[in-house]
Amino acid sequence: MRVLLIVYDNGSLVTYFPQGTAYIAAVLRQNDIDVEIYCQDYHHYPDEHLTEYLNKNRFDVIGLGIIGGYYQYRKLLSLSKAINCSKNRPFYIIGGHGPTPEPEYFFEKTNADVIVIGEGEETIIELLNAHHKHKNLSSVKGIAYRDGNKTIVNPRRNLIKDIDNIPIPAYELFPIEFYRLVKESKATSTDFSLPVLSGRGCPYSCNFCYRMDKGFRPRSNESIVAELSFLKETYRINYIIFSDELLMSSKSRTESICKAIIKAKLNIKWWCNGRLNYAEPALLRLMKKSGCVFINYGIEAVDDQILKNMNKALTVKQIIRGTEATLAVGISPGLNIIWGNIGENLETLQKGVDFLLKYNDGSEMRTIRPVTPYPGSPLYYYAIEKGLLKDCRDFYENKHVNSDLLAVNFTNLTDEEFHRALLDANTVLIKDYFKKKLKWNLKTAQSLYLENDVSFRGFRQL
Ligand code: B12
Ligand code: SF4
């Protein structure tokens, strides 16, 4: 059986390594299934190229994973068109956060044959076996499929208990020299980065966050360290982006990963998603010692009532204390704030702006984005219940046109007032960022000309 997995073009110069696709490719290889990757992102091929490619090359199965952004949705539709109009159209499977919560709608829009719901590694193998043997798909857990005009959604599959047993992504099938160029905060010109998962899931349940699978499952330190060593030795990766939802899932877990990285003498830099309620000086010092240079924090709002409304399990006191502690040890904090959740108003927006002005260290430009009720999230169902959103079609076709514009307005402001307020807030933040940049550049010029700084490599490098 020949399988083609598609990595869609994200319209960026360099894109994140497609981890989900690479995990699927790894289990296919493990099961001796012939798999090829079509990296549309690397070549920026137009969608018609895929049709031609399928016309010239025969595949039994084609697979595409997609998340639920406005851009990704439109890309999914155009790629589906390209696949569906090919001669010898392969058996078409889609998966990922996009189609998982609303399979019926995604069948209608893509004409796919099967939707893999949630974690895909075990499901894809069982599905391909059943398909190969022309078996009825009713016994394959974790999928939705079409039976005539009807959509059948099978029961969910149990999550893989021991995720150490999942093979590492099939790196060898991808152009790593391209993906390793992705630049995260505090990376230098000679650093090579790749994302790695230290675990799956998150123990929290914020109202705007859609997670396909429940619970939290960590990997063992041995398995994480083995993957990091492999990446360093094979591809010279020295900057790891821990891309799991939340590496800092508890103090003890974070401590234990740091100790394992130090013990293995990996000498890497790393980045992770973190929680401010665990950001205490001793832990942060240990994180820094093990190479952590940046922690991406979900702050979302700087107001206790709004944090409660969104079920963030975080207080303003913890946010301030944790951010100050992070800055004090010399790790850059990524301060993510969204605006427009239930109960928000102009005052809560201003609190977010004041916070960013005070604490953003300038290592990244930080603006405030509107909250988006992605299908499957508690906020999505709340929006439907309140009559602010009709359904999935309304979300994708009418409301979610750009991640920086309102999809659903949960405030008492008009949409125009909302956007005007965001413009004013972000004007202040953008100016502040460039003010900081200007100050740094002028300081560098001074040390070059007045202190003879011979390490200077040119203004364009700054
Ligand atoms: C790292 C990350 C990013 C990275 C890179 C994303 C990428 N490579 O696609 C960055 C920072 C760029 C990013 C951006 C965004 N992200 Co993001 N991101 C994540 C995060 C934290 C991890 C993704 C990951 O690699 N997971 C690990 C792999 C193993 O899981 P996976 O990809 O889901 O793959 C599994 C299954 O989905 C399935 N599967 C996947 N593909 C396929 C294909 C086939 C054929 C099959 C059968 C199965 C299958 O099997 C895989 C293995 O089990 C997730 C949260 C999460 N837990 O996944 C959010 C998440 C995916 N992001 C999300 C969002 C909304 C975004 C943005 C749209 C946000 C925004 N408003 O701008 C942007 C998109 C911007 C852009 N230009 O692309 C949402 C998606 C929600 C939704 N409804 O789809 C998530 C779930 C976060 C959340 N909880 O809200 N993101
Ligand atoms: S936003 Fe972050 S902390 Fe909240 S549920 Fe999602 S991954 Fe977990």
# chains A, B, ... in the order shown; residues from 1 in each chain; ligands from 1
>>> residues_near_ligand(ligand="ligand 2", cutoff="6 Å", atoms="only C-alpha atoms and all ligand atoms", output="number ranges by chain")
A: 202, 204-206, 209, 245-246
>>> write_last_selection(atoms="all heavy atoms", output="PDB file, in the first residue's frame")
ATOM      1  N   CYS A 202      -2.934  18.372  28.912  1.00  0.00           N
ATOM      2  CA  CYS A 202      -2.772  19.446  29.892  1.00  0.00           C
ATOM      3  C   CYS A 202      -3.797  19.202  30.992  1.00  0.00           C
ATOM      4  O   CYS A 202      -4.941  18.850  30.693  1.00  0.00           O
ATOM      5  CB  CYS A 202      -3.033  20.772  29.186  1.00  0.00           C
ATOM      6  SG  CYS A 202      -3.284  22.135  30.324  1.00  0.00           S
ATOM      7  N   TYR A 204      -5.304  21.343  32.815  1.00  0.00           N
ATOM      8  CA  TYR A 204      -6.237  22.465  33.007  1.00  0.00           C
ATOM      9  C   TYR A 204      -7.352  22.442  31.958  1.00  0.00           C
ATOM     10  O   TYR A 204      -7.310  21.657  31.016  1.00  0.00           O
ATOM     11  CB  TYR A 204      -5.472  23.795  32.957  1.00  0.00           C
ATOM     12  CG  TYR A 204      -4.515  23.923  34.122  1.00  0.00           C
ATOM     13  CD1 TYR A 204      -3.197  23.496  34.017  1.00  0.00           C
ATOM     14  CD2 TYR A 204      -4.952  24.440  35.334  1.00  0.00           C
ATOM     15  CE1 TYR A 204      -2.325  23.580  35.097  1.00  0.00           C
ATOM     16  CE2 TYR A 204      -4.092  24.538  36.417  1.00  0.00           C
ATOM     17  CZ  TYR A 204      -2.776  24.108  36.290  1.00  0.00           C
ATOM     18  OH  TYR A 204      -1.929  24.189  37.360  1.00  0.00           O
ATOM     19  N   SER A 205      -8.313  23.348  32.131  1.00  0.00           N
ATOM     20  CA  SER A 205      -9.401  23.384  31.137  1.00  0.00           C
ATOM     21  C   SER A 205      -9.922  24.810  30.942  1.00  0.00           C
ATOM     22  O   SER A 205     -11.019  25.151  31.390  1.00  0.00           O
ATOM     23  CB  SER A 205     -10.540  22.445  31.524  1.00  0.00           C
ATOM     24  OG  SER A 205     -10.864  22.639  32.873  1.00  0.00           O
ATOM     25  N   CYS A 206      -9.112  25.628  30.290  1.00  0.00           N
ATOM     26  CA  CYS A 206      -9.492  27.022  30.022  1.00  0.00           C
ATOM     27  C   CYS A 206     -10.640  27.041  28.994  1.00  0.00           C
ATOM     28  O   CYS A 206     -10.642  26.213  28.076  1.00  0.00           O
ATOM     29  CB  CYS A 206      -8.297  27.785  29.474  1.00  0.00           C
ATOM     30  SG  CYS A 206      -6.847  27.604  30.531  1.00  0.00           S
ATOM     31  N   CYS A 209      -9.931  27.009  25.083  1.00  0.00           N
ATOM     32  CA  CYS A 209      -8.926  26.077  24.557  1.00  0.00           C
ATOM     33  C   CYS A 209      -9.578  24.777  24.124  1.00  0.00           C
ATOM     34  O   CYS A 209     -10.256  24.121  24.914  1.00  0.00           O
ATOM     35  CB  CYS A 209      -7.898  25.817  25.653  1.00  0.00           C
ATOM     36  SG  CYS A 209      -6.579  24.716  25.137  1.00  0.00           S
ATOM     37  N   GLU A 245       1.501  21.163  24.925  1.00  0.00           N
ATOM     38  CA  GLU A 245       0.635  22.208  25.460  1.00  0.00           C
ATOM     39  C   GLU A 245       1.236  22.838  26.709  1.00  0.00           C
ATOM     40  O   GLU A 245       1.167  24.033  26.922  1.00  0.00           O
ATOM     41  CB  GLU A 245      -0.736  21.616  25.796  1.00  0.00           C
ATOM     42  CG  GLU A 245      -1.558  21.399  24.550  1.00  0.00           C
ATOM     43  CD  GLU A 245      -2.439  20.189  24.639  1.00  0.00           C
ATOM     44  OE1 GLU A 245      -1.945  19.125  25.034  1.00  0.00           O
ATOM     45  OE2 GLU A 245      -3.629  20.300  24.294  1.00  0.00           O
ATOM     46  N   LEU A 246       1.815  21.994  27.565  1.00  0.00           N
ATOM     47  CA  LEU A 246       2.284  22.516  28.841  1.00  0.00           C
ATOM     48  C   LEU A 246       3.395  21.644  29.405  1.00  0.00           C
ATOM     49  O   LEU A 246       3.120  20.583  29.949  1.00  0.00           O
ATOM     50  CB  LEU A 246       1.089  22.548  29.826  1.00  0.00           C
ATOM     51  CG  LEU A 246       1.314  23.270  31.132  1.00  0.00           C
ATOM     52  CD1 LEU A 246       1.684  24.716  30.905  1.00  0.00           C
ATOM     53  CD2 LEU A 246       0.062  23.191  31.986  1.00  0.00           C
TER      54      LEU A 246
END
>>> select_by_dssp(residues="region 278-343 of chain A", states="strand (DSSP E or B)", output="list in words")
Cys292, Val293, Phe294, Ile295, Asn296, Tyr297, Gly298, Ile299, Glu300, Ser332, Pro333, Gly334, Leu335, Asn336, Ile337, Ile338 and Trp339 of chain A
>>> write_last_selection(atoms="all heavy atoms", output="compact mmCIF listing (two decimals), in the first residue's frame")
# COMPACT_ATOMS: atom_id res chain seq x y z
N CYS A 292 17.03 26.62 29.67
CA CYS A 292 15.78 27.30 29.29
C CYS A 292 16.05 28.81 29.09
O CYS A 292 16.58 29.47 29.98
CB CYS A 292 14.73 27.09 30.38
SG CYS A 292 13.20 27.96 30.04
N VAL A 293 15.67 29.33 27.92
CA VAL A 293 15.87 30.76 27.65
C VAL A 293 14.56 31.53 27.50
O VAL A 293 14.54 32.75 27.51
CB VAL A 293 16.72 30.98 26.36
CG1 VAL A 293 18.16 30.55 26.58
CG2 VAL A 293 16.11 30.27 25.15
N PHE A 294 13.46 30.77 27.36
CA PHE A 294 12.18 31.45 27.10
C PHE A 294 11.04 30.58 27.62
O PHE A 294 11.03 29.37 27.40
CB PHE A 294 12.02 31.68 25.59
CG PHE A 294 10.82 32.49 25.20
CD1 PHE A 294 10.87 33.87 25.20
CD2 PHE A 294 9.62 31.86 24.83
CE1 PHE A 294 9.75 34.63 24.84
CE2 PHE A 294 8.51 32.61 24.47
CZ PHE A 294 8.57 34.00 24.47
N ILE A 295 10.11 31.19 28.32
CA ILE A 295 8.91 30.44 28.75
C ILE A 295 7.69 31.18 28.22
O ILE A 295 7.50 32.36 28.48
CB ILE A 295 8.81 30.31 30.28
CG1 ILE A 295 10.11 29.76 30.87
CG2 ILE A 295 7.63 29.41 30.65
CD1 ILE A 295 10.12 29.71 32.40
N ASN A 296 6.90 30.46 27.45
CA ASN A 296 5.71 31.04 26.87
C ASN A 296 4.55 30.86 27.85
O ASN A 296 4.14 29.73 28.12
CB ASN A 296 5.42 30.30 25.55
CG ASN A 296 4.47 31.04 24.68
OD1 ASN A 296 4.51 32.28 24.61
ND2 ASN A 296 3.60 30.31 24.00
N TYR A 297 4.08 31.96 28.43
CA TYR A 297 3.03 31.86 29.44
C TYR A 297 1.67 32.27 28.87
O TYR A 297 1.57 33.31 28.21
CB TYR A 297 3.33 32.81 30.61
CG TYR A 297 4.50 32.42 31.48
CD1 TYR A 297 5.58 33.30 31.65
CD2 TYR A 297 4.52 31.22 32.17
CE1 TYR A 297 6.64 32.98 32.48
CE2 TYR A 297 5.59 30.89 33.00
CZ TYR A 297 6.64 31.76 33.16
OH TYR A 297 7.68 31.44 33.98
N GLY A 298 0.66 31.49 29.18
CA GLY A 298 -0.71 31.91 28.87
C GLY A 298 -1.21 32.75 30.03
O GLY A 298 -1.51 32.20 31.09
N ILE A 299 -1.24 34.05 29.85
CA ILE A 299 -1.73 34.94 30.91
C ILE A 299 -3.21 35.20 30.65
O ILE A 299 -4.04 35.11 31.52
CB ILE A 299 -0.93 36.26 30.90
CG1 ILE A 299 0.48 35.96 31.43
CG2 ILE A 299 -1.62 37.34 31.75
CD1 ILE A 299 1.41 37.13 31.39
N GLU A 300 -3.49 35.56 29.43
CA GLU A 300 -4.84 35.78 28.89
C GLU A 300 -5.50 37.05 29.40
O GLU A 300 -6.01 37.82 28.61
CB GLU A 300 -5.79 34.58 29.11
CG GLU A 300 -5.18 33.17 29.13
CD GLU A 300 -4.38 32.78 27.91
OE1 GLU A 300 -4.26 33.57 26.98
OE2 GLU A 300 -3.82 31.66 27.91
N SER A 332 13.42 34.97 29.41
CA SER A 332 12.41 35.86 28.81
C SER A 332 11.03 35.24 28.94
O SER A 332 10.85 34.07 28.58
CB SER A 332 12.70 36.06 27.32
OG SER A 332 13.58 37.12 27.15
N PRO A 333 10.06 36.01 29.44
CA PRO A 333 8.70 35.45 29.48
C PRO A 333 7.91 35.84 28.24
O PRO A 333 7.95 36.99 27.80
CB PRO A 333 8.10 36.13 30.73
CG PRO A 333 8.85 37.42 30.87
CD PRO A 333 10.15 37.33 30.11
N GLY A 334 7.19 34.90 27.66
CA GLY A 334 6.28 35.19 26.54
C GLY A 334 4.93 35.50 27.15
O GLY A 334 4.32 34.63 27.78
N LEU A 335 4.48 36.74 27.02
CA LEU A 335 3.28 37.17 27.75
C LEU A 335 2.09 37.23 26.80
O LEU A 335 1.89 38.20 26.09
CB LEU A 335 3.56 38.54 28.38
CG LEU A 335 4.85 38.61 29.23
CD1 LEU A 335 5.15 40.03 29.67
CD2 LEU A 335 4.76 37.71 30.45
N ASN A 336 1.32 36.15 26.79
CA ASN A 336 0.18 36.06 25.86
C ASN A 336 -1.10 36.56 26.51
O ASN A 336 -1.54 36.02 27.52
CB ASN A 336 -0.04 34.60 25.45
CG ASN A 336 1.16 34.07 24.68
OD1 ASN A 336 1.28 34.29 23.49
ND2 ASN A 336 2.06 33.40 25.37
N ILE A 337 -1.66 37.61 25.91
CA ILE A 337 -2.92 38.15 26.43
C ILE A 337 -3.97 38.15 25.32
O ILE A 337 -3.68 38.55 24.19
CB ILE A 337 -2.71 39.57 26.99
CG1 ILE A 337 -1.77 39.48 28.21
CG2 ILE A 337 -4.04 40.22 27.37
CD1 ILE A 337 -1.55 40.76 28.95
N ILE A 338 -5.15 37.63 25.65
CA ILE A 338 -6.26 37.70 24.70
C ILE A 338 -7.31 38.59 25.34
O ILE A 338 -7.37 38.71 26.56
CB ILE A 338 -6.82 36.31 24.34
CG1 ILE A 338 -7.01 35.44 25.59
CG2 ILE A 338 -5.96 35.60 23.32
CD1 ILE A 338 -7.54 34.05 25.31
N TRP A 339 -8.13 39.18 24.53
CA TRP A 339 -9.15 40.09 25.06
C TRP A 339 -10.50 39.76 24.43
O TRP A 339 -10.57 39.38 23.26
CB TRP A 339 -8.77 41.55 24.76
CG TRP A 339 -9.74 42.54 25.34
CD1 TRP A 339 -10.12 42.65 26.65
CD2 TRP A 339 -10.46 43.55 24.62
NE1 TRP A 339 -11.03 43.68 26.79
CE2 TRP A 339 -11.25 44.26 25.56
CE3 TRP A 339 -10.50 43.94 23.29
CZ2 TRP A 339 -12.07 45.31 25.22
CZ3 TRP A 339 -11.33 44.99 22.93
CH2 TRP A 339 -12.10 45.68 23.89
>>> residues_around(residues="Glu233 (chain A)", least_positions_apart="5", cutoff="12 Å", atoms="only C-alpha atoms", output="list in words")
Ala226, Glu227, Leu228, Asn238, Leu266 and Ile268 of chain A
>>> closest_atom_pairs(of="chain A", to="ligand 1", cutoff="6 Å", atoms="only C-alpha atoms and all ligand atoms", output="CSV")
residue,atom,partner,partner_atom_place_in_ligand_line,distance
A:Tyr16,CA,ligand 1,8 (N),4.8
A:Phe17,CA,ligand 1,8 (N),5.8
A:Pro18,CA,ligand 1,8 (N),4.7
A:Gln19,CA,ligand 1,25 (O),4.8
A:Gly20,CA,ligand 1,34 (O),3.3
A:Thr21,CA,ligand 1,41 (N),4.9
A:Tyr23,CA,ligand 1,52 (C),5.5
A:Ile24,CA,ligand 1,52 (C),5.9
A:Gly63,CA,ligand 1,45 (C),3.6
A:Leu64,CA,ligand 1,45 (C),4.4
A:Gly65,CA,ligand 1,41 (N),3.3
A:Ile67,CA,ligand 1,84 (O),3.6
A:Gly68,CA,ligand 1,84 (O),3.0
A:Gly69,CA,ligand 1,68 (C),4.0
A:Ile93,CA,ligand 1,45 (C),5.6
A:Ile94,CA,ligand 1,45 (C),5.0
A:Gly95,CA,ligand 1,48 (C),4.1
A:Gly96,CA,ligand 1,37 (O),3.2
A:His97,CA,ligand 1,84 (O),4.0
A:Gly98,CA,ligand 1,84 (O),4.3
A:Val116,CA,ligand 1,47 (C),5.2
A:Gly118,CA,ligand 1,36 (C),5.4
A:Glu119,CA,ligand 1,53 (O),3.5
A:Gly120,CA,ligand 1,50 (O),3.5
A:Glu121,CA,ligand 1,53 (O),5.3
A:Ile124,CA,ligand 1,47 (C),5.4
A:Gly201,CA,ligand 1,57 (N),5.9
A:Cys209,CA,ligand 1,90 (O),4.1
A:Tyr210,CA,ligand 1,89 (N),4.2
A:Arg211,CA,ligand 1,89 (N),4.8
A:Ser243,CA,ligand 1,1 (C),4.7
A:Asp244,CA,ligand 1,21 (C),5.1
A:Glu245,CA,ligand 1,21 (C),4.4
A:Tyr374,CA,ligand 1,83 (N),4.7
A:Pro375,CA,ligand 1,83 (N),5.5
A:Ser403,CA,ligand 1,71 (N),4.7
>>> closest_residue(among="A:Asp162, A:Glu126, A:Glu397, A:Glu172", to="Ile37 (chain A)", atoms="only C-alpha atoms")
A:Glu172
>>> residues_around(residues="Val14 (chain A)", least_positions_apart="2", cutoff="9 Å", atoms="only C-alpha atoms", output="PyMOL selection string")
chain A and resi 10-12+16+41-42+178-183
>>> closest_residue(among="A:Phe418, A:Phe208, A:Tyr145, A:Phe192", to="Glu344 (chain A)", atoms="only C-alpha atoms")
A:Phe418
>>> atom_distance(atom1="CA of Thr427 (chain A)", atom2="CA of Gln350 (chain A)")
12.5 Å
>>> closest_residue(among="A:Leu54, A:Val140, A:Ile176, A:Leu284", to="Tyr38 (chain A)", atoms="only C-alpha atoms")
A:Leu54
>>> atom_distance(atom1="CA of Asn309 (chain A)", atom2="CA of Trp271 (chain A)")
28.7 Å
>>> residues_around(residues="Glu52 (chain A)", least_positions_apart="4", cutoff="12 Å", atoms="only C-alpha atoms", output="JSON, numbers by chain")
{"A": [45, 46, 47, 48, 56, 57, 58, 82, 83, 84, 85, 86, 87, 88, 89]}
>>> write_last_selection(atoms="N, CA, C and O atoms", output="compact mmCIF listing (two decimals), in the first residue's frame")
# COMPACT_ATOMS: atom_id res chain seq x y z
N TYR A 45 4.36 25.00 -3.42
CA TYR A 45 3.67 24.56 -4.63
C TYR A 45 2.25 25.11 -4.64
O TYR A 45 1.58 25.13 -3.60
N PRO A 46 1.75 25.52 -5.81
CA PRO A 46 0.31 25.85 -5.87
C PRO A 46 -0.48 24.55 -5.73
O PRO A 46 0.05 23.46 -5.99
N ASP A 47 -1.76 24.65 -5.34
CA ASP A 47 -2.54 23.43 -5.11
C ASP A 47 -2.68 22.57 -6.36
O ASP A 47 -2.77 21.34 -6.29
N GLU A 48 -2.67 23.21 -7.54
CA GLU A 48 -2.81 22.45 -8.80
C GLU A 48 -1.65 21.46 -8.96
O GLU A 48 -1.77 20.43 -9.62
N LYS A 56 0.13 11.87 -11.94
CA LYS A 56 1.33 11.18 -12.44
C LYS A 56 1.79 10.03 -11.56
O LYS A 56 2.50 9.15 -11.99
N ASN A 57 1.42 10.09 -10.26
CA ASN A 57 1.91 9.07 -9.32
C ASN A 57 0.72 8.43 -8.62
O ASN A 57 -0.14 9.14 -8.10
N ARG A 58 0.72 7.12 -8.60
CA ARG A 58 -0.42 6.43 -8.00
C ARG A 58 -0.23 6.18 -6.51
O ARG A 58 0.80 5.63 -6.11
N ALA A 82 -8.24 20.00 -4.91
CA ALA A 82 -7.13 19.52 -5.74
C ALA A 82 -7.05 17.99 -5.69
O ALA A 82 -6.75 17.34 -6.71
N ILE A 83 -7.32 17.40 -4.55
CA ILE A 83 -7.26 15.94 -4.42
C ILE A 83 -8.46 15.31 -5.14
O ILE A 83 -8.31 14.36 -5.91
N ASN A 84 -9.64 15.88 -4.89
CA ASN A 84 -10.86 15.27 -5.43
C ASN A 84 -10.93 15.31 -6.95
O ASN A 84 -11.59 14.48 -7.56
N CYS A 85 -10.25 16.28 -7.57
CA CYS A 85 -10.35 16.34 -9.04
C CYS A 85 -9.18 15.60 -9.72
O CYS A 85 -9.04 15.65 -10.93
N SER A 86 -8.36 14.91 -8.92
CA SER A 86 -7.26 14.18 -9.54
C SER A 86 -7.79 12.88 -10.16
O SER A 86 -8.80 12.33 -9.71
N LYS A 87 -7.07 12.41 -11.20
CA LYS A 87 -7.41 11.09 -11.77
C LYS A 87 -6.99 10.08 -10.72
O LYS A 87 -6.05 10.34 -9.97
N ASN A 88 -7.58 8.95 -10.63
CA ASN A 88 -7.22 7.91 -9.64
C ASN A 88 -7.18 8.48 -8.23
O ASN A 88 -6.23 8.24 -7.49
N ARG A 89 -8.15 9.28 -7.88
CA ARG A 89 -8.15 9.89 -6.54
C ARG A 89 -7.95 8.81 -5.47
O ARG A 89 -8.71 7.84 -5.41
>>> residues_around(residues="Asn360 (chain A)", least_positions_apart="2", cutoff="10 Å", atoms="only C-alpha atoms", output="ChimeraX atom specification")
/A:323,327,332-335,355-358,362-366,429,432-433,436
>>> write_last_selection(atoms="N, CA, C and O atoms", output="tab-separated table (two decimals), in the first residue's frame")
chain	number	residue	atom	x	y	z
A	323	THR	N	5.87	36.37	36.76
A	323	THR	CA	6.54	37.11	35.68
A	323	THR	C	7.80	37.80	36.24
A	323	THR	O	8.87	37.77	35.61
A	327	LEU	N	11.70	37.10	35.00
A	327	LEU	CA	12.60	38.16	34.53
A	327	LEU	C	13.84	38.23	35.43
A	327	LEU	O	14.96	38.40	34.95
A	332	SER	N	13.42	34.97	29.41
A	332	SER	CA	12.41	35.86	28.81
A	332	SER	C	11.03	35.24	28.94
A	332	SER	O	10.85	34.07	28.58
A	333	PRO	N	10.06	36.01	29.44
A	333	PRO	CA	8.70	35.45	29.48
A	333	PRO	C	7.91	35.84	28.24
A	333	PRO	O	7.95	36.99	27.80
A	334	GLY	N	7.19	34.90	27.66
A	334	GLY	CA	6.28	35.19	26.54
A	334	GLY	C	4.93	35.50	27.15
A	334	GLY	O	4.32	34.63	27.78
A	335	LEU	N	4.48	36.74	27.02
A	335	LEU	CA	3.28	37.17	27.75
A	335	LEU	C	2.09	37.23	26.80
A	335	LEU	O	1.89	38.20	26.09
A	355	PHE	N	0.08	45.94	31.79
A	355	PHE	CA	0.93	44.81	32.19
A	355	PHE	C	2.04	44.59	31.16
A	355	PHE	O	3.22	44.44	31.51
A	356	LEU	N	1.67	44.59	29.89
A	356	LEU	CA	2.68	44.35	28.85
A	356	LEU	C	3.71	45.48	28.81
A	356	LEU	O	4.90	45.24	28.61
A	357	LEU	N	3.25	46.71	29.01
A	357	LEU	CA	4.19	47.84	28.99
A	357	LEU	C	5.21	47.68	30.12
A	357	LEU	O	6.39	47.97	29.97
A	358	LYS	N	4.74	47.18	31.23
A	358	LYS	CA	5.62	47.05	32.38
A	358	LYS	C	6.55	45.85	32.27
A	358	LYS	O	7.72	45.92	32.63
A	362	GLY	N	10.85	42.97	25.62
A	362	GLY	CA	11.20	43.40	24.27
A	362	GLY	C	11.81	42.30	23.42
A	362	GLY	O	12.16	42.51	22.27
A	363	SER	N	11.93	41.09	23.96
A	363	SER	CA	12.53	40.02	23.15
A	363	SER	C	11.55	39.60	22.04
A	363	SER	O	11.95	38.98	21.06
A	364	GLU	N	10.29	39.91	22.20
A	364	GLU	CA	9.30	39.63	21.15
A	364	GLU	C	8.29	40.76	21.11
A	364	GLU	O	8.00	41.37	22.15
A	365	MET	N	7.69	40.99	19.93
A	365	MET	CA	6.60	41.97	19.90
A	365	MET	C	5.35	41.28	20.42
A	365	MET	O	4.99	40.20	19.97
A	366	ARG	N	4.72	41.87	21.39
A	366	ARG	CA	3.52	41.28	21.96
A	366	ARG	C	2.34	42.20	21.76
A	366	ARG	O	2.33	43.34	22.26
A	429	LEU	N	1.28	49.31	22.10
A	429	LEU	CA	2.22	48.19	22.30
A	429	LEU	C	3.26	48.11	21.18
A	429	LEU	O	4.43	47.83	21.42
A	432	ASP	N	5.75	50.83	21.71
A	432	ASP	CA	6.63	50.50	22.84
A	432	ASP	C	7.71	49.51	22.41
A	432	ASP	O	8.89	49.65	22.77
A	433	TYR	N	7.32	48.53	21.59
A	433	TYR	CA	8.28	47.52	21.12
A	433	TYR	C	9.39	48.20	20.31
A	433	TYR	O	10.58	47.96	20.52
A	436	LYS	N	11.81	50.17	22.38
A	436	LYS	CA	12.82	49.31	23.03
A	436	LYS	C	13.88	48.90	22.01
A	436	LYS	O	15.08	48.91	22.30
>>> decode(residues="region 13-17 of chain A", atoms="all heavy atoms", output="compact mmCIF listing (two decimals), in the first residue's frame")
# COMPACT_ATOMS: atom_id res chain seq x y z
N LEU A 13 7.69 31.88 5.42
CA LEU A 13 9.02 31.59 4.87
C LEU A 13 9.51 30.25 5.43
O LEU A 13 9.92 29.36 4.69
CB LEU A 13 9.98 32.72 5.26
CG LEU A 13 11.37 32.62 4.67
CD1 LEU A 13 11.31 32.63 3.15
CD2 LEU A 13 12.24 33.76 5.18
N VAL A 14 9.45 30.13 6.74
CA VAL A 14 9.84 28.86 7.38
C VAL A 14 8.67 28.44 8.26
O VAL A 14 8.08 29.27 8.94
CB VAL A 14 11.08 29.04 8.28
CG1 VAL A 14 11.49 27.72 8.89
CG2 VAL A 14 12.23 29.64 7.50
N THR A 15 8.36 27.15 8.24
CA THR A 15 7.24 26.71 9.08
C THR A 15 7.73 25.75 10.15
O THR A 15 8.79 25.15 10.03
CB THR A 15 6.14 25.99 8.27
OG1 THR A 15 6.74 25.37 7.16
CG2 THR A 15 5.09 26.95 7.82
N TYR A 16 6.89 25.60 11.17
CA TYR A 16 7.16 24.63 12.23
C TYR A 16 7.20 23.24 11.63
O TYR A 16 6.41 22.92 10.73
CB TYR A 16 5.99 24.67 13.22
CG TYR A 16 6.31 25.33 14.53
CD1 TYR A 16 6.77 26.64 14.58
CD2 TYR A 16 6.14 24.63 15.73
CE1 TYR A 16 7.05 27.23 15.80
CE2 TYR A 16 6.42 25.22 16.94
CZ TYR A 16 6.88 26.52 16.97
OH TYR A 16 7.15 27.09 18.17
N PHE A 17 8.08 22.42 12.13
CA PHE A 17 8.11 21.03 11.72
C PHE A 17 6.74 20.39 12.00
O PHE A 17 6.24 20.50 13.12
CB PHE A 17 9.22 20.32 12.51
CG PHE A 17 9.27 18.85 12.28
CD1 PHE A 17 9.60 18.34 11.03
CD2 PHE A 17 8.96 17.96 13.30
CE1 PHE A 17 9.63 16.98 10.81
CE2 PHE A 17 8.99 16.59 13.09
CZ PHE A 17 9.33 16.10 11.85
